[in-house]
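Worksheet: the structure to be examined is printed underneath.
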Amino acid sequence: MKTKGKVTGIIANLVTVEVDGPVAQNEICYIYRGETKLMAEVIKVTGKFAYVQVFESTRGLKVNDTVDFEGHMLEATLGPGLLSKNYDGLQHDLAKMDGVFLKAGDYTEALDYDVEWEFTPIAKVGDTVTAGDWLGEVPENWASHKIMVPFKLNGSYTLKSIVDKGNYKINQTIAVITDNDGKDIDVTMEQKWPVKMAITAFKNKPRPFKIMETGVRAIDTFNPIAEGGTGFIPGPFGCGKTVLQHAISKQAEADLIVMAACGERANEVVEIFAEFPHLDDPRTGRKLMERTTIIANTSNMPVAAREASVYTAMTIAEYYRAMGLKVLLLADSTSRWAQALREMSNRMEELPGPDAFPMDLPAVIANFYSRAGLVYLNNGETGSVTFMGTVSPAGGNLKEPVTESTKKAARCFYALSQQRADSKRYPAIDPMESYSKYLEYPEIMEYLNKTIDENWVDKVLKAKNIVQRGKEAYEQINILGDDGVPIEYHDRFWKAELIDFIILQQDAFDKIDSSCPLNRQKYMLEKVLSICEMNFKFEHFEDCSKFYKGGINSLRQMNYSVFESDEFNKYEKEIDTLLNERKAE
C-alpha cells in the first residue's frame, strides 16, 4: 500500500509533508493542487515529516493538500526512441506538449509506445546472462540500439525464450529469463533506472588510455581530453562557451551526443532547437540531430528541475555506453545546477559553505564527474562517456567555489579568457591558465607518441614554453616600450604569436579550418616549431613585426586551404621563401 501524506508547510518550492507511513530519501511523490498533480522529490526525512522539493511552481498549493508517494526514486525511462528527442529535465517529451508555455502538471511519456521496432535477437535460448548483457538489437536512426538485460537485476540468469526477428512495441515481452530459483522474469525493450545512481553493468572501468579527437587545435594539440575523460570550460559571459561546445559536438570523435542545457537562458536553448536539426553531421553525412538527445532546462523553468536535468542526461549517456558506444555528454552550465543546490540548501537552513553554496558541493560535483569513463563490458566490448561541462563564474572570477570544486574533479581545464575574446582570438582558451592532466598519464603519453609522433608530448611542451616566454617578453615590451628592449624580446614575442595565430586560433565558420584532423595538426605544429627554432636577422623591431606578420598571413592561408592541395603547397612555398630571405647565417 502506498504511503500518503498532507502538506503542512510551504517555502517556495520546498514543501513539508506529514506522512502516514514509510518514505525514503529521493523518493518521488505527487502533490494534488486541485485536479493538477505536481511532481516532487523527497530530499530529507525527519520523523513523520518529509521535506520535498517540487519540480513545478508551488503557487496555489495549500496546507492539508493531499500527497501520494510512489515508492521509487526519480527514474529515467530507457529504450529505443531516445535519439532526436527534446526532453525537459524530468524526461518529459517537449514535442508532445501543447502551447507555447509549459503547464504545471503537464507530463508526457518519454518514449512512444505505439511505434514498432525491428528486433533482431543476438542471444540464444539457454545462454547465461547478467545485467547489461545484450539480448538483441533494433536500428535507431543510424545506430544499433542494443536491448539489454535490465540493469536492476542482480546475479546470473538463464535465457528461457526470446522472440524471433520481427517488429515489436517497446512494452511487449521480447525475452523471458529464469533466475536460480526457477522464477521467470519477462524482459521488454524498455527499462527504468534511478537517475542519481550510476549504471554499473560492466566488467571494469580502467583509467582512460586514448584521447578523444575534437577537431579543435587548442584542445587536441595543447590540452587533449581523453576518451571517457572529464573536462570543463569556465569563462565569463560572451567568451564563446556555447559556441565551443557546439563545435565540439559537431566534430568530436563520438557516436552519440547528449546535451544538457541546465538552467540556460531560453534564447540559447531555442538556438539549439533551431540549429541542431539543420546541422550536417560530418561523420555520417546525415543530420547531427539524428545522433543527439537534448535535455532542456531553461533558467525560467523551476529551479529544482535543473538538478534533475544533469542526472537524467548522465543516465541516458551511461545507457548508450552499455551498448558499446562512444557518448559525448555536454552540460551547459553546471553553475546553474550548483545554484539550484544552493537554493535548496539555504531553504533547508543547512550550514552554508563558501558563497552560501552547500558544504558538500565538492563531493556532489566529484561524485557526478566520476560517472563518466571508459568501460569494458561483459562481452569484452568498450563503451565510453566523455563529459564536458561549462561553468559561468560570476564576473569571470575563476576562484569562486563552483570553479574551484570542479577543478578538483575534472582532469581538463579550458579557461576562457575575456581578454582573448575581446581581441577576437577564438576559441578564447587561455593557453597558460588551461591544462590537461591527461598529458601526465603514462598510458596517454604512450598513446600520443605511438599514434601521432614519437616525441609528440615533448613538442607540445616545447610549444607551451614558447608561448609562456612570449608572454613574459610582451610584458617587458609593455613596460619599457618598443625601443626599450632588445630585438630578441620582439622576436620571442612574435614566435609566441605565431603559435597563437596558427595553432591556438581557429575559425569555427570556415568550412576547412572549423575541424582540423590530427595528421594536419601534427604537420602545422611541426612547421611552426621549425620556424621558432630558426634565427633571423633584423635591423629594427619594425622589421621583426613586419616579417612575422607576413609569415602569419601565409600560414593562416594554409589553415584555410585543403590539406596538401596545390593552394596549400603554394602558401608553404611563400613561407619558405620568406624564411630564406631573413634567416641568419
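A note on labels: chains of the C-alpha cells are A, B, ... as shown, every chain counts residues from 1, and ligands are counted from 1 in their shown order.
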Nearby residues (only C-alpha atoms) at most 12 Å from A:Pro234, same-chain spacing under 4 positions excluded, as number ranges by chain:
A: 238-242, 244-245, 331-335, 388-400, 402-407, 410, 412-418, 428-430, 433-434
Would you pick out the contacts of stretch 342-358 of chain A at 12 Å or less, using only C-alpha atoms, so that residues sharing its chain but fewer than 2 positions from it are not included, and give the list as number ranges by chain?
A: 10-16, 41-45, 50-55, 302-307, 335-340, 360-365, 393-394, 399-402, 404-405
Those same residues, written as a short mmCIF file (atom, residue, chain, number, x, y, z; two decimals), in the first residue's frame with C-alpha atoms?
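Produced file selection_29.cif, reproduced below:
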data_model
loop_
_atom_site.label_atom_id
_atom_site.label_comp_id
_atom_site.auth_asym_id
_atom_site.auth_seq_id
_atom_site.Cartn_x
_atom_site.Cartn_y
_atom_site.Cartn_z
CA ILE A 10 5.38 25.66 2.01
CA ILE A 11 8.52 27.76 1.44
CA ALA A 12 8.79 28.49 -2.33
CA ASN A 13 9.33 25.03 -3.87
CA LEU A 14 10.29 23.35 -0.56
CA VAL A 15 7.20 21.67 0.90
CA THR A 16 6.93 19.93 4.28
CA GLU A 41 11.24 14.53 -4.71
CA VAL A 42 11.97 13.74 -1.06
CA ILE A 43 15.23 15.39 -0.03
CA LYS A 44 15.08 14.95 3.75
CA VAL A 45 13.12 12.83 6.24
CA ALA A 50 9.27 14.58 4.78
CA TYR A 51 10.80 17.64 3.11
CA VAL A 52 10.17 17.53 -0.64
CA GLN A 53 11.39 19.75 -3.47
CA VAL A 54 8.68 20.39 -6.05
CA PHE A 55 9.67 20.40 -9.72
CA PRO A 302 11.59 25.53 -11.87
CA VAL A 303 14.97 25.57 -10.13
CA ALA A 304 14.63 22.04 -8.70
CA ALA A 305 14.39 20.53 -12.19
CA ARG A 306 17.89 21.86 -13.00
CA GLU A 307 19.43 19.39 -10.61
CA SER A 335 26.96 26.75 -12.38
CA ARG A 336 23.17 26.88 -12.67
CA TRP A 337 22.97 23.34 -11.29
CA ALA A 338 25.12 24.42 -8.32
CA GLN A 339 22.85 27.45 -7.82
CA ALA A 340 19.87 25.08 -7.58
CA ASP A 360 29.32 19.16 0.38
CA LEU A 361 29.41 20.88 -3.06
CA PRO A 362 32.90 19.49 -3.95
CA ALA A 363 31.72 15.95 -3.07
CA VAL A 364 28.50 16.29 -5.12
CA ILE A 365 30.41 17.57 -8.18
CA PRO A 393 31.53 32.14 -12.78
CA ALA A 394 30.05 35.46 -11.68
CA LYS A 399 38.41 31.44 -7.82
CA GLU A 400 34.71 31.06 -6.91
CA PRO A 401 33.52 27.78 -5.28
CA VAL A 402 31.92 26.06 -8.30
CA GLU A 404 37.37 25.52 -7.65
CA SER A 405 35.28 22.41 -6.81
#
Write out as CSV the residues of stretch 160-247 of chain A that have any atom within 6 Å of an atom of stretch 99-116 of chain A, one row each with the nearest atom pair and its distance in Å to one decimal, counting only C-alpha atoms, sorted by chain and then rising number.
residue,atom,partner,partner_atom,distance
A:Asn167,CA,A:Glu116,CA,5.5
A:Tyr168,CA,A:Glu116,CA,4.9
A:Lys169,CA,A:Glu116,CA,4.5
Could you pull the residues within 8 Å of A:Met301, counting only C-alpha atoms, minus those fewer than 4 positions along the same chain, as a PyMOL selection string?
chain A and resi 56+263+297+305
Determine which residues of stretch 276-476 of chain A receive a DSSP assignment of alpha helix (DSSP H), computed from the backbone, and state them as an NGL selection string.
:A and (304-321 or 334-347 or 361-369 or 401-409 or 418-422 or 442-451 or 456-476)
